Each structure stands twice: as structure tokens, then as C-alpha cells.
>>> print(open('structure38.txt').read())   # compact mmCIF, C-alpha atoms and all ligand atoms
# COMPACT_ATOMS: atom_id res chain seq x y z
CA MET A 1 12.86 12.40 7.16
CA ILE A 2 9.55 12.06 5.26
CA TRP A 3 8.47 14.12 2.28
CA LEU A 4 4.71 14.07 1.74
CA ILE A 5 3.86 15.16 -1.79
CA GLY A 6 0.24 16.19 -2.46
CA ASN A 7 -0.66 17.18 1.10
CA LYS A 8 -3.59 19.37 0.06
CA GLY A 9 -5.46 16.55 -1.70
CA MET A 10 -8.09 14.29 -0.17
CA LEU A 11 -5.71 11.51 0.86
CA GLY A 12 -2.71 13.79 1.45
CA ASN A 13 -4.66 15.79 4.03
CA ASP A 14 -5.32 12.71 6.15
CA VAL A 15 -1.77 11.43 5.74
CA GLU A 16 -0.46 14.78 7.01
CA LYS A 17 -2.87 14.74 9.96
CA LEU A 18 -1.61 11.29 10.96
CA LEU A 19 2.05 12.30 10.52
CA LYS A 20 1.42 15.17 12.94
CA GLU A 21 -0.46 12.99 15.42
CA ARG A 22 2.34 10.43 15.44
CA GLY A 23 4.98 13.12 15.92
CA LEU A 24 6.88 12.11 12.77
CA ILE A 25 9.25 14.60 11.14
CA TYR A 26 8.11 15.53 7.67
CA TRP A 27 8.03 18.12 4.94
CA ALA A 28 4.88 18.57 2.94
CA SER A 29 4.23 20.08 -0.47
CA ASP A 30 1.52 20.27 -3.08
CA LYS A 31 1.11 22.15 -6.36
CA GLU A 32 3.62 24.86 -5.35
CA ILE A 33 6.38 22.25 -5.75
CA ASP A 34 5.48 21.09 -9.24
CA ILE A 35 6.35 17.41 -9.62
CA SER A 36 6.32 17.70 -13.38
CA ASP A 37 9.46 19.86 -13.22
CA TYR A 38 12.46 17.83 -12.09
CA LYS A 39 14.54 20.90 -11.26
CA VAL A 40 11.88 22.04 -8.80
CA LEU A 41 12.07 18.70 -6.99
CA GLU A 42 15.88 18.91 -6.83
CA LYS A 43 15.76 22.44 -5.50
CA PHE A 44 13.23 21.60 -2.80
CA GLY A 45 15.03 18.46 -1.69
CA LYS A 46 18.58 19.79 -1.94
CA ASP A 47 19.32 20.47 1.72
CA LYS A 48 16.95 17.94 3.19
CA GLU A 49 17.67 14.52 4.55
CA ILE A 50 14.84 12.45 3.17
CA LYS A 51 14.36 8.77 3.86
CA TRP A 52 10.79 8.34 2.62
CA ILE A 53 8.62 9.97 -0.03
CA ILE A 54 4.85 9.47 0.12
CA ASN A 55 3.35 10.53 -3.19
CA CYS A 56 -0.34 11.40 -2.94
CA ALA A 57 -0.20 13.96 -5.77
CA GLY A 58 -1.72 13.24 -9.11
CA TYR A 59 -4.13 14.17 -11.85
CA THR A 60 -7.40 12.67 -10.58
CA ARG A 61 -10.17 14.19 -12.72
CA VAL A 62 -11.26 10.96 -14.41
CA ASP A 63 -13.71 12.39 -16.96
CA LYS A 64 -11.74 15.57 -17.70
CA ALA A 65 -8.70 13.42 -18.45
CA GLU A 66 -10.40 12.19 -21.64
CA GLU A 67 -9.81 15.71 -23.09
CA GLU A 68 -6.83 16.76 -20.98
CA ILE A 69 -4.70 13.80 -22.02
CA ASP A 70 -1.38 15.68 -21.93
CA GLU A 71 -2.09 17.13 -18.50
CA ALA A 72 -2.98 13.70 -17.11
CA PHE A 73 0.23 12.11 -18.45
CA LYS A 74 2.33 15.12 -17.44
CA LEU A 75 1.47 14.50 -13.82
CA ASN A 76 0.69 10.80 -13.56
CA LYS A 77 3.55 9.65 -15.79
CA ASP A 78 6.23 12.38 -16.11
CA GLY A 79 5.73 13.73 -12.58
CA VAL A 80 5.94 10.23 -11.13
CA ARG A 81 9.06 9.51 -13.20
CA ASN A 82 10.66 12.66 -11.74
CA ILE A 83 9.86 11.53 -8.22
CA ALA A 84 11.25 8.07 -9.01
CA ILE A 85 14.49 9.49 -10.45
CA PHE A 86 14.90 11.75 -7.43
CA SER A 87 14.26 8.79 -5.11
CA ALA A 88 16.78 6.62 -6.96
CA LYS A 89 19.50 9.28 -6.85
CA ARG A 90 19.04 9.91 -3.15
CA GLN A 91 18.23 6.32 -2.12
CA ILE A 92 14.85 7.39 -0.84
CA ARG A 93 12.13 4.79 -0.25
CA LEU A 94 9.09 5.68 -2.31
CA ILE A 95 5.45 4.96 -1.45
CA HIS A 96 3.29 5.81 -4.44
CA ILE A 97 -0.49 5.61 -4.69
CA SER A 98 -2.09 4.02 -7.74
CA THR A 99 -5.54 2.82 -8.67
CA ASP A 100 -7.93 -0.01 -9.54
CA TYR A 101 -8.38 1.81 -12.87
CA VAL A 102 -5.25 0.06 -14.17
CA PHE A 103 -7.62 -2.91 -14.70
CA ASP A 104 -10.43 -3.15 -17.23
CA GLY A 105 -12.92 -4.51 -14.69
CA ARG A 106 -14.00 -7.41 -16.88
CA GLN A 107 -12.80 -10.15 -14.53
CA GLU A 108 -15.72 -12.25 -13.25
CA GLY A 109 -16.65 -15.26 -11.15
CA ASP A 110 -14.85 -16.74 -8.13
CA ALA A 111 -11.59 -15.01 -8.99
CA ALA A 112 -13.22 -11.63 -9.58
CA ALA A 113 -11.01 -9.78 -7.09
CA TYR A 114 -7.92 -8.46 -8.85
CA THR A 115 -4.58 -9.58 -7.43
CA GLU A 116 -1.35 -7.62 -7.79
CA ASP A 117 -0.22 -10.04 -10.53
CA ASP A 118 -3.32 -9.82 -12.67
CA LYS A 119 -2.96 -8.40 -16.13
CA THR A 120 -3.44 -4.65 -16.29
CA HIS A 121 -5.55 -3.19 -19.08
CA PRO A 122 -6.86 0.32 -18.43
CA ILE A 123 -9.97 1.44 -20.31
CA ASN A 124 -9.71 5.20 -19.82
CA ILE A 125 -7.03 7.93 -20.02
CA TYR A 126 -6.74 8.35 -16.27
CA GLY A 127 -6.09 4.60 -15.85
CA LYS A 128 -3.59 4.62 -18.71
CA SER A 129 -1.70 7.56 -17.22
CA LYS A 130 -1.61 5.94 -13.77
CA LEU A 131 -0.33 2.67 -15.25
CA ALA A 132 2.33 4.61 -17.15
CA GLY A 133 3.40 6.11 -13.80
CA GLU A 134 3.70 2.65 -12.25
CA GLU A 135 5.87 1.58 -15.18
CA GLU A 136 8.19 4.57 -14.76
CA ILE A 137 8.70 3.66 -11.11
CA LYS A 138 9.53 0.06 -12.04
CA LYS A 139 12.08 1.30 -14.59
CA MET A 140 13.80 3.72 -12.21
CA LEU A 141 13.77 1.92 -8.89
CA GLU A 142 14.71 -1.57 -7.76
CA GLY A 143 12.57 -1.31 -4.65
CA TYR A 144 9.35 0.67 -4.29
CA PHE A 145 5.92 0.55 -2.69
CA ILE A 146 3.03 1.01 -5.08
CA ILE A 147 -0.31 0.88 -3.31
CA ARG A 148 -3.32 0.48 -5.56
CA THR A 149 -6.54 1.60 -3.94
CA ALA A 150 -10.13 2.33 -5.01
CA TRP A 151 -13.30 4.29 -4.24
CA LEU A 152 -11.65 6.69 -1.79
CA TYR A 153 -13.69 8.91 0.48
CA GLY A 154 -12.54 11.25 3.22
CA PHE A 155 -13.07 14.59 4.92
CA HIS A 156 -11.57 16.67 2.14
CA GLY A 157 -12.40 17.27 -1.47
CA ASN A 158 -15.19 15.89 -3.59
CA ASN A 159 -15.94 12.23 -3.23
CA PHE A 160 -18.96 9.94 -3.54
CA VAL A 161 -20.01 10.39 0.10
CA SER A 162 -19.84 14.20 0.01
CA ILE A 163 -21.63 14.30 -3.36
CA MET A 164 -24.41 12.05 -2.07
CA LEU A 165 -24.87 14.10 1.11
CA ARG A 166 -25.19 17.24 -0.98
CA SER A 167 -27.65 15.56 -3.36
CA PHE A 168 -29.82 14.30 -0.47
CA LYS A 169 -30.20 17.88 0.74
CA GLU A 170 -30.85 19.39 -2.68
CA LYS A 171 -32.83 16.77 -4.59
CA GLU A 172 -36.03 14.73 -4.28
CA ALA A 173 -34.78 11.83 -6.38
CA ILE A 174 -31.42 10.57 -7.59
CA LYS A 175 -30.27 7.79 -9.89
CA VAL A 176 -27.22 5.67 -9.05
CA VAL A 177 -25.64 2.84 -11.01
CA ASP A 178 -25.92 -0.65 -9.53
CA ASP A 179 -23.66 -2.59 -11.88
CA GLN A 180 -20.23 -1.27 -10.89
CA TRP A 181 -18.76 -3.14 -7.96
CA GLY A 182 -15.98 -2.21 -5.54
CA SER A 183 -14.93 -1.48 -1.97
CA PRO A 184 -15.34 2.04 -0.54
CA THR A 185 -12.11 3.01 1.20
CA TYR A 186 -11.77 5.54 3.98
CA THR A 187 -8.72 7.76 3.43
CA VAL A 188 -7.84 7.69 7.15
CA ASP A 189 -7.50 3.89 6.97
CA LEU A 190 -5.30 4.09 3.91
CA ALA A 191 -3.21 6.80 5.59
CA GLY A 192 -2.78 4.41 8.52
CA ALA A 193 -1.59 1.62 6.24
CA ILE A 194 0.94 3.96 4.58
CA LEU A 195 2.34 5.04 7.92
CA LYS A 196 2.50 1.44 9.08
CA ILE A 197 4.96 0.71 6.27
CA ILE A 198 7.14 3.62 7.41
CA GLU A 199 6.88 2.87 11.12
CA ASP A 200 7.92 -0.73 10.41
CA ASP A 201 10.91 0.67 8.48
CA SER A 202 9.83 -1.82 5.88
CA VAL A 203 11.80 -3.01 2.89
CA LYS A 204 9.11 -5.47 1.84
CA TYR A 205 8.92 -3.73 -1.51
CA GLY A 206 6.28 -4.43 -4.12
CA ILE A 207 2.86 -3.61 -5.46
CA TYR A 208 0.07 -3.88 -2.89
CA HIS A 209 -3.69 -3.62 -3.09
CA PHE A 210 -5.44 -1.81 -0.25
CA THR A 211 -9.15 -1.08 0.16
CA ASN A 212 -11.55 -1.38 3.05
CA GLU A 213 -13.19 -4.77 3.48
CA GLY A 214 -16.45 -5.79 1.80
CA VAL A 215 -17.89 -5.39 -1.66
CA THR A 216 -20.80 -3.28 -2.82
CA ASN A 217 -22.06 -1.25 -5.76
CA TRP A 218 -22.59 2.52 -5.99
CA TYR A 219 -26.38 2.21 -5.58
CA LYS A 220 -26.10 0.16 -2.38
CA PHE A 221 -23.41 2.51 -1.10
CA ALA A 222 -25.69 5.50 -1.75
CA ARG A 223 -28.49 3.79 0.22
CA ALA A 224 -26.13 3.08 3.12
CA ILE A 225 -25.01 6.73 3.21
CA TYR A 226 -28.66 7.84 3.11
CA SER A 227 -29.72 5.68 6.04
CA LYS A 228 -26.66 6.74 8.05
CA ALA A 229 -27.34 10.39 7.31
CA LYS A 230 -30.98 9.95 8.38
CA LYS A 231 -29.94 8.35 11.65
CA LEU A 232 -27.59 11.24 12.33
CA ASN A 233 -30.30 13.79 11.51
CA LEU A 234 -28.27 15.24 8.68
CA ILE A 235 -31.41 15.09 6.58
CA SER A 236 -34.63 16.30 8.16
CA ASP A 237 -37.30 13.72 9.02
CA SER A 238 -39.70 15.22 6.50
CA LYS A 239 -37.19 15.09 3.62
CA LYS A 240 -37.49 11.91 1.55
CA VAL A 241 -35.15 11.15 -1.31
CA VAL A 242 -35.93 8.41 -3.79
CA ILE A 243 -32.79 6.54 -4.82
CA LYS A 244 -33.27 4.68 -8.07
CA ALA A 245 -30.95 1.97 -9.33
CA ILE A 246 -29.89 2.35 -12.95
CA LYS A 247 -27.43 0.66 -15.31
CA THR A 248 -24.13 2.15 -16.46
CA GLU A 249 -25.58 2.59 -19.98
CA GLU A 250 -28.20 4.94 -18.53
CA TYR A 251 -25.54 7.18 -16.99
CA PRO A 252 -23.10 8.06 -19.77
CA THR A 253 -19.77 9.57 -18.71
CA ALA A 254 -16.80 10.78 -20.75
CA ALA A 255 -14.54 8.10 -19.29
CA ALA A 256 -15.50 4.43 -19.19
CA ARG A 257 -15.46 2.91 -15.69
CA PRO A 258 -14.44 -0.64 -14.80
CA ARG A 259 -17.49 -2.75 -13.87
CA ASN A 260 -15.45 -4.66 -11.35
CA SER A 261 -13.09 -2.66 -9.14
CA ILE A 262 -12.65 -5.31 -6.48
CA LEU A 263 -9.05 -5.64 -5.32
CA SER A 264 -7.71 -8.66 -3.44
CA LYS A 265 -6.08 -7.63 -0.15
CA GLU A 266 -4.52 -11.02 0.55
CA ILE A 267 -0.93 -9.90 0.17
CA ILE A 268 -1.05 -6.72 2.23
CA ALA A 269 -3.06 -8.54 4.90
CA LYS A 270 -0.34 -11.20 5.13
CA GLN A 271 2.47 -8.67 5.38
CA TRP A 272 0.83 -6.41 7.94
CA SER A 273 -1.80 -8.71 9.44
CA SER A 274 -2.03 -7.10 12.86
CA TYR A 275 -2.75 -3.71 11.40
CA ILE A 276 -4.93 -4.73 8.47
CA GLY A 277 -7.10 -6.94 10.69
CA LYS A 278 -8.22 -3.86 12.52
CA SER A 279 -8.52 -1.43 9.72
CA ILE A 280 -10.46 -3.08 6.98
CA THR A 281 -13.15 -5.03 8.77
CA GLU A 282 -15.95 -2.48 8.54
CA ILE A 283 -17.79 -1.50 5.45
CA PHE A 284 -19.69 1.73 4.85
CA ARG A 285 -17.81 3.68 7.42
CA VAL A 286 -18.97 7.22 7.38
CA HIS A 287 -17.13 8.42 10.45
CA PHE A 288 -16.76 11.92 9.26
CA ILE A 289 -20.43 12.79 8.91
N1 LIG A 301 -10.02 9.47 -5.29
C1 LIG A 301 -10.13 8.19 -5.52
O1 LIG A 301 -11.23 7.61 -5.45
C2 LIG A 301 -8.90 7.38 -5.85
C3 LIG A 301 -9.08 6.02 -6.16
C4 LIG A 301 -7.94 5.26 -6.44
C5 LIG A 301 -6.69 5.84 -6.42
N2 LIG A 301 -6.55 7.16 -6.15
C6 LIG A 301 -5.20 7.74 -6.15
O2 LIG A 301 -4.92 8.19 -4.84
C7 LIG A 301 -4.08 9.34 -4.88
C8 LIG A 301 -4.70 10.45 -4.06
O3 LIG A 301 -5.98 10.73 -4.60
P1 LIG A 301 -6.85 11.97 -4.08
O4 LIG A 301 -8.25 11.70 -4.45
O5 LIG A 301 -6.48 12.30 -2.69
O6 LIG A 301 -6.28 13.10 -5.08
P2 LIG A 301 -6.53 14.68 -5.06
O7 LIG A 301 -7.49 15.05 -3.97
O8 LIG A 301 -6.84 15.11 -6.45
O9 LIG A 301 -5.09 15.24 -4.64
C9 LIG A 301 -4.02 15.34 -5.53
C10 LIG A 301 -3.22 16.57 -5.15
O10 LIG A 301 -2.12 16.73 -6.07
C11 LIG A 301 -2.03 18.13 -6.37
N3 LIG A 301 -1.30 18.43 -7.60
C12 LIG A 301 -1.81 18.72 -8.82
N4 LIG A 301 -0.82 19.00 -9.69
C13 LIG A 301 0.34 18.93 -8.99
C14 LIG A 301 1.70 19.14 -9.35
N5 LIG A 301 2.05 19.49 -10.59
N6 LIG A 301 2.65 18.99 -8.40
C15 LIG A 301 2.29 18.63 -7.13
N7 LIG A 301 1.01 18.40 -6.75
C16 LIG A 301 0.05 18.56 -7.67
C17 LIG A 301 -3.49 18.52 -6.47
O11 LIG A 301 -3.67 19.91 -6.49
P3 LIG A 301 -5.00 20.51 -7.24
O12 LIG A 301 -6.19 19.85 -6.61
O13 LIG A 301 -4.91 21.98 -6.95
O14 LIG A 301 -4.87 20.18 -8.69
C18 LIG A 301 -4.06 17.86 -5.22
O15 LIG A 301 -3.88 18.65 -4.06
C19 LIG A 301 -3.90 9.69 -6.37
O16 LIG A 301 -2.69 9.13 -6.81
C20 LIG A 301 -5.06 8.95 -7.05
O17 LIG A 301 -4.73 8.60 -8.37
C21 LIG A 301 -7.63 7.94 -5.86
>>> encode(input="structure38.txt", output="C-alpha cells", more="lines below")
Ligand SMILES: NC(=O)c1ccc[n+]([C@@H]2O[C@H](COP(=O)([O-])OP(=O)(O)OC[C@H]3O[C@@H](n4cnc5c(N)ncnc54)[C@H](OP(=O)(O)O)[C@@H]3O)[C@@H](O)[C@H]2O)c1
Amino acid sequence: MIWLIGNKGMLGNDVEKLLKERGLIYWASDKEIDISDYKVLEKFGKDKEIKWIINCAGYTRVDKAEEEIDEAFKLNKDGVRNIAIFSAKRQIRLIHISTDYVFDGRQEGDAAAYTEDDKTHPINIYGKSKLAGEEEIKKMLEGYFIIRTAWLYGFHGNNFVSIMLRSFKEKEAIKVVDDQWGSPTYTVDLAGAILKIIEDDSVKYGIYHFTNEGVTNWYKFARAIYSKAKKLNLISDSKKVVIKAIKTEEYPTAAARPRNSILSKEIIAKQWSSYIGKSITEIFRVHFI
């Protein structure tokens, strides 16, 4: 009944784990069923009765995308269009994952948190390709779920938490930017929100923002991970790591990052209040350490 696309990725792994735990019937695929080739999608889905598609696949290498422009668009735009066409033909309900990077991050003040209706304006290739994917979905489908999220961390793959833990073991000092703001989001919580939509058999279509609660910057997040890791004896007592706050200008990257990645969760919280109330109240959750 459910087709999970991108099950070997960071988020996809946790979505699959939850699907199994909940005893839901699903098929799962990753790179072997190439979303950028429509015929491959058709062939895979031909004999299957599919009611939902959860698309966790994508091109996610933010800095590499600045050179690999075609590859990024091939997956995040063309691949997503293929999934949307397939969903439209078969009347499948699509849940697609998008990003805070569709915004430029320049919004400030009391209304700093981006709402679903705020004007998009990506400042890097990855963000542009993800926005193009959203637009394809809107063109192809009358109803869809697009969930924009940010700052994901989970058990699988490279993410800020795993990179920090490795750095704390290997280095004496690290520098982390303190002028990019956002909300770290645990992939298991996002997986739970995705499954909630399915379990509710929801047709409350639209674009939704989902992150964990609270706002921080990368420097503060790094400090929180460090103190948690110390408490859990993941770093020996004698090992001290100096974490220095720096500005974005002092840490040049190929792709520009939005300064403000804060997403407003008002709408998703209203729609699924009982669930969201539980899932996004804690910040700095590092369950998986
Ligand atoms: N990570 C974040 O902080 C973050 C923040 C906001 C939004 N998001 C969005 O959340 C979603 C999940 O992110 P993630 O970090 O879990 O991504 P991820 O770990 O990179 O997983 C994406 C998966 O898609 C696979 N894939 C690559 N090319 C494919 C193809 N042609 N056909 C089918 N599958 C293919 C990848 O395989 P390979 O690894 O072998 O290429 C990988 O297993 C993405 O849409 C991303 O844009 C992520």
C-alpha cells in the first residue's frame, strides 16, 4: 500500500524502521529504482497497489551541487516530476520532503520564522533544485503533501551530530559558526509525523513545515552535543575540546547557506496537534548517542 522511495538514506532508514514497527505494508526502494527514469518507476509499480508514496530520495550534497548542477536537478526536479506524474496517473497520495533552503534566510525580527506562504528565494543550487521539485509537484498534482524540514540528524549517514562526535574524538579544537540559526530535527520525529499523515488517512493536502521545537545556532548546538557526549562518557574525562564560535565569513563553503533557517510549525501543529505536541517539545535530542 505504501511505497517508500529513498529507504537507504538518513531519513528513509528511520521511516522504514517505523513502517516495520507499525506493521504497515510497504515496498521500499533506493538508487536501484532510479527516480530520474520514468520507465523504471512504471516498471516497478506496474503490478503493485499503491495508495501512498513517501519520497525521501534526493540529491542532498549541498556544496557538491554547486558543480554538479545537472545531477542535482536531474534528481530533485526531474526525478520528483516523474514521481508526481506516476502519482497522478495512479491516484497515489504523495508525501514529498523538501527543505528550508528554498528560502534565502534573510527574514528578520518578530516574524523571522518562515511560514508556508512566505516568498521562496533559494540562494544555492541545492535549494533551487528542491524548489524546482516542489513546483513540478504543484503542476502535476491537485493534492500533495510537501513537508519542508531543516537541520536533520539521525542514526544513519553523515549529519552535524555525527560529524561533531567524530571531531571531538579526533581534534583538540574546532570552529563552528554562530550566526546561522535554525532548529535541529531528529529524523525519527519527522518519520513519526509522516506516518501520522498516513495513519490518519489524511487528505489535508498542502505544504507543511516540520522541525523540532526551539531555535539555536550551529555553535550552540555543537556545545550541547559536546556536553551530552561528556555526560555519556563518549569522550574521555581527560579529553578537552575547545569549541570556538566564528562567523560565516570565516568558514567559506562552496554553497551559500541561509542565515535564518527557522520554520514556523503553526500549521502542522494545528492540523495534528495531539501528535506534534509530543514530538517537537524537546530541543537538542541526541537519543542515538
Ligand atoms: N539532511 C538534511 O539536513 C535535510 C534538511 C532539509 C531537508 N532535507 C530533505 O530530506 C530528504 C531526506 O534527506 P536525507 O538527508 O535523508 O537524504 P540522503 O541521506 O541523502 O538520502 C537520499 C537517498 O536517495 C538516494 N538516491 C540517490 N539517487 C537516487 C535515484 N536516482 N533514485 C532513487 N534514489 C536515489 C540516495 O542514494 P545515495 O546516497 O547512494 O546517493 C540516498 O539513499 C531529502 O529530500 C532532503 O532534501 C534534508
>>> closest_residue(input="structure38.txt", among="A:Gly133, A:Gly214, A:Gly105, A:Pro122", to="Asn55 (chain A)", atoms="only C-alpha atoms")
A:Gly133
>>> closest_atom_pairs(input="structure38.txt", of="chain A", to="ligand LIG 301 (chain A)", cutoff="8 Å", atoms="only C-alpha atoms and all ligand atoms", output="JSON lines")
{"residue": "A:Ile5", "atom": "CA", "partner": "A:LIG301", "partner_atom": "C15", "distance": 6.6}
{"residue": "A:Gly6", "atom": "CA", "partner": "A:LIG301", "partner_atom": "O10", "distance": 4.3}
{"residue": "A:Asn7", "atom": "CA", "partner": "A:LIG301", "partner_atom": "O15", "distance": 6.3}
{"residue": "A:Lys8", "atom": "CA", "partner": "A:LIG301", "partner_atom": "O15", "distance": 4.2}
{"residue": "A:Gly9", "atom": "CA", "partner": "A:LIG301", "partner_atom": "O9", "distance": 3.2}
{"residue": "A:Met10", "atom": "CA", "partner": "A:LIG301", "partner_atom": "O5", "distance": 3.6}
{"residue": "A:Leu11", "atom": "CA", "partner": "A:LIG301", "partner_atom": "O5", "distance": 3.7}
{"residue": "A:Gly12", "atom": "CA", "partner": "A:LIG301", "partner_atom": "O5", "distance": 5.8}
{"residue": "A:Asn13", "atom": "CA", "partner": "A:LIG301", "partner_atom": "O5", "distance": 7.8}
{"residue": "A:Ser29", "atom": "CA", "partner": "A:LIG301", "partner_atom": "C15", "distance": 7.1}
{"residue": "A:Asp30", "atom": "CA", "partner": "A:LIG301", "partner_atom": "N7", "distance": 4.2}
{"residue": "A:Lys31", "atom": "CA", "partner": "A:LIG301", "partner_atom": "N7", "distance": 3.8}
{"residue": "A:Glu32", "atom": "CA", "partner": "A:LIG301", "partner_atom": "C15", "distance": 6.6}
{"residue": "A:Ile33", "atom": "CA", "partner": "A:LIG301", "partner_atom": "N6", "distance": 5.6}
{"residue": "A:Asp34", "atom": "CA", "partner": "A:LIG301", "partner_atom": "N6", "distance": 3.6}
{"residue": "A:Ile35", "atom": "CA", "partner": "A:LIG301", "partner_atom": "N6", "distance": 4.2}
{"residue": "A:Ser36", "atom": "CA", "partner": "A:LIG301", "partner_atom": "N5", "distance": 5.4}
{"residue": "A:Asp37", "atom": "CA", "partner": "A:LIG301", "partner_atom": "N5", "distance": 7.9}
{"residue": "A:Asn55", "atom": "CA", "partner": "A:LIG301", "partner_atom": "O16", "distance": 7.2}
{"residue": "A:Cys56", "atom": "CA", "partner": "A:LIG301", "partner_atom": "C8", "distance": 4.6}
{"residue": "A:Ala57", "atom": "CA", "partner": "A:LIG301", "partner_atom": "O10", "distance": 3.4}
{"residue": "A:Gly58", "atom": "CA", "partner": "A:LIG301", "partner_atom": "O10", "distance": 4.6}
{"residue": "A:Tyr59", "atom": "CA", "partner": "A:LIG301", "partner_atom": "C12", "distance": 5.9}
{"residue": "A:Thr60", "atom": "CA", "partner": "A:LIG301", "partner_atom": "O8", "distance": 4.8}
{"residue": "A:Arg61", "atom": "CA", "partner": "A:LIG301", "partner_atom": "O8", "distance": 7.2}
{"residue": "A:Leu75", "atom": "CA", "partner": "A:LIG301", "partner_atom": "N5", "distance": 6.0}
{"residue": "A:Asn76", "atom": "CA", "partner": "A:LIG301", "partner_atom": "O16", "distance": 7.7}
{"residue": "A:Gly79", "atom": "CA", "partner": "A:LIG301", "partner_atom": "N5", "distance": 7.1}
{"residue": "A:His96", "atom": "CA", "partner": "A:LIG301", "partner_atom": "O16", "distance": 7.2}
{"residue": "A:Ile97", "atom": "CA", "partner": "A:LIG301", "partner_atom": "O16", "distance": 4.7}
{"residue": "A:Ser98", "atom": "CA", "partner": "A:LIG301", "partner_atom": "C6", "distance": 5.1}
{"residue": "A:Thr99", "atom": "CA", "partner": "A:LIG301", "partner_atom": "C5", "distance": 3.9}
{"residue": "A:Asp100", "atom": "CA", "partner": "A:LIG301", "partner_atom": "C4", "distance": 6.1}
{"residue": "A:Tyr101", "atom": "CA", "partner": "A:LIG301", "partner_atom": "C4", "distance": 7.3}
{"residue": "A:Lys130", "atom": "CA", "partner": "A:LIG301", "partner_atom": "O17", "distance": 6.8}
{"residue": "A:Arg148", "atom": "CA", "partner": "A:LIG301", "partner_atom": "C5", "distance": 6.4}
{"residue": "A:Thr149", "atom": "CA", "partner": "A:LIG301", "partner_atom": "C4", "distance": 4.6}
{"residue": "A:Ala150", "atom": "CA", "partner": "A:LIG301", "partner_atom": "C4", "distance": 3.9}
{"residue": "A:Trp151", "atom": "CA", "partner": "A:LIG301", "partner_atom": "O1", "distance": 4.1}
{"residue": "A:Leu152", "atom": "CA", "partner": "A:LIG301", "partner_atom": "O1", "distance": 3.8}
{"residue": "A:Tyr153", "atom": "CA", "partner": "A:LIG301", "partner_atom": "O1", "distance": 6.6}
{"residue": "A:His156", "atom": "CA", "partner": "A:LIG301", "partner_atom": "O7", "distance": 7.5}
{"residue": "A:Gly157", "atom": "CA", "partner": "A:LIG301", "partner_atom": "O7", "distance": 5.9}
{"residue": "A:Asn158", "atom": "CA", "partner": "A:LIG301", "partner_atom": "O7", "distance": 7.8}
{"residue": "A:Asn159", "atom": "CA", "partner": "A:LIG301", "partner_atom": "N1", "distance": 6.8}
{"residue": "A:Thr187", "atom": "CA", "partner": "A:LIG301", "partner_atom": "O5", "distance": 7.9}
>>> axis_aligned_box(input="structure38.txt", around="region 74-83 of chain A", padding_each_side="6 Å", output="JSON")
{"center_x": 5.7, "center_y": 12.3, "center_z": -12.8, "size_x": 22.0, "size_y": 17.6, "size_z": 21.2}
>>> closest_residue(input="structure38.txt", among="A:Ile163, A:Val62, A:Ile235, A:Val15", to="Ala256 (chain A)", atoms="all atoms listed in the file")
A:Val62
>>> atom_distance(input="structure38.txt", atom1="CA of Gly206 (chain A)", atom2="CA of Lys138 (chain A)")
9.7 Å
>>> atom_distance(input="structure38.txt", atom1="CA of Ile262 (chain A)", atom2="CA of Ala132 (chain A)")
20.9 Å
>>> closest_residue(input="structure38.txt", among="A:Ala28, A:Ile225, A:Gly45, A:Ser264", to="Ser167 (chain A)", atoms="only C-alpha atoms")
A:Ile225
>>> atom_distance(input="structure38.txt", atom1="CA of Ala229 (chain A)", atom2="CA of Thr185 (chain A)")
18.0 Å
>>> closest_residue(input="structure38.txt", among="A:His209, A:Lys39, A:Lys64, A:Lys230", to="Ile85 (chain A)", atoms="only C-alpha atoms")
A:Lys39
>>> closest_residue(input="structure38.txt", among="A:Leu165, A:Asp189, A:Ala65, A:Leu24", to="Lys228 (chain A)", atoms="only C-alpha atoms")
A:Leu165
>>> closest_residue(input="structure38.txt", among="A:Lys171, A:Arg257, A:Arg22, A:Lys265", to="Asp104 (chain A)", atoms="all atoms listed in the file")
A:Arg257
>>> residues_around(input="structure38.txt", residues="Asn260 (chain A)", least_positions_apart="3", cutoff="9 Å", atoms="only C-alpha atoms", output="MDAnalysis selection string")
chainID A and resid 103:108 112:114 179:182 257 263
>>> build_atoms(input="structure38.txt", residues="region 220-224 of chain A", atoms="all heavy atoms", output="short mmCIF file (atom, residue, chain, number, x, y, z; two decimals), keeping the file's coordinate frame")
data_model
loop_
_atom_site.label_atom_id
_atom_site.label_comp_id
_atom_site.auth_asym_id
_atom_site.auth_seq_id
_atom_site.Cartn_x
_atom_site.Cartn_y
_atom_site.Cartn_z
N LYS A 220 -25.98 0.62 -3.77
CA LYS A 220 -26.10 0.16 -2.38
C LYS A 220 -25.33 1.08 -1.44
O LYS A 220 -25.75 1.31 -0.31
CB LYS A 220 -25.53 -1.26 -2.25
CG LYS A 220 -26.40 -2.32 -2.85
CD LYS A 220 -25.81 -3.66 -2.48
CE LYS A 220 -26.62 -4.81 -3.04
NZ LYS A 220 -26.03 -6.09 -2.64
N PHE A 221 -24.20 1.60 -1.92
CA PHE A 221 -23.41 2.51 -1.10
C PHE A 221 -24.21 3.79 -0.84
O PHE A 221 -24.27 4.29 0.29
CB PHE A 221 -22.07 2.80 -1.81
CG PHE A 221 -21.06 3.53 -0.96
CD1 PHE A 221 -21.01 3.38 0.42
CD2 PHE A 221 -20.13 4.38 -1.55
CE1 PHE A 221 -20.07 4.05 1.20
CE2 PHE A 221 -19.18 5.05 -0.78
CZ PHE A 221 -19.16 4.89 0.60
N ALA A 222 -24.87 4.28 -1.89
CA ALA A 222 -25.69 5.50 -1.75
C ALA A 222 -26.78 5.27 -0.70
O ALA A 222 -27.05 6.12 0.15
CB ALA A 222 -26.30 5.88 -3.09
N ARG A 223 -27.42 4.10 -0.75
CA ARG A 223 -28.49 3.79 0.22
C ARG A 223 -27.94 3.74 1.65
O ARG A 223 -28.57 4.21 2.59
CB ARG A 223 -29.15 2.45 -0.12
CG ARG A 223 -29.95 2.49 -1.41
CD ARG A 223 -30.90 1.32 -1.51
NE ARG A 223 -31.90 1.41 -0.46
CZ ARG A 223 -33.07 2.04 -0.61
NH1 ARG A 223 -33.37 2.60 -1.76
NH2 ARG A 223 -33.93 2.10 0.37
N ALA A 224 -26.75 3.17 1.79
CA ALA A 224 -26.13 3.08 3.12
C ALA A 224 -25.82 4.48 3.65
O ALA A 224 -26.03 4.77 4.83
CB ALA A 224 -24.86 2.25 3.06
#
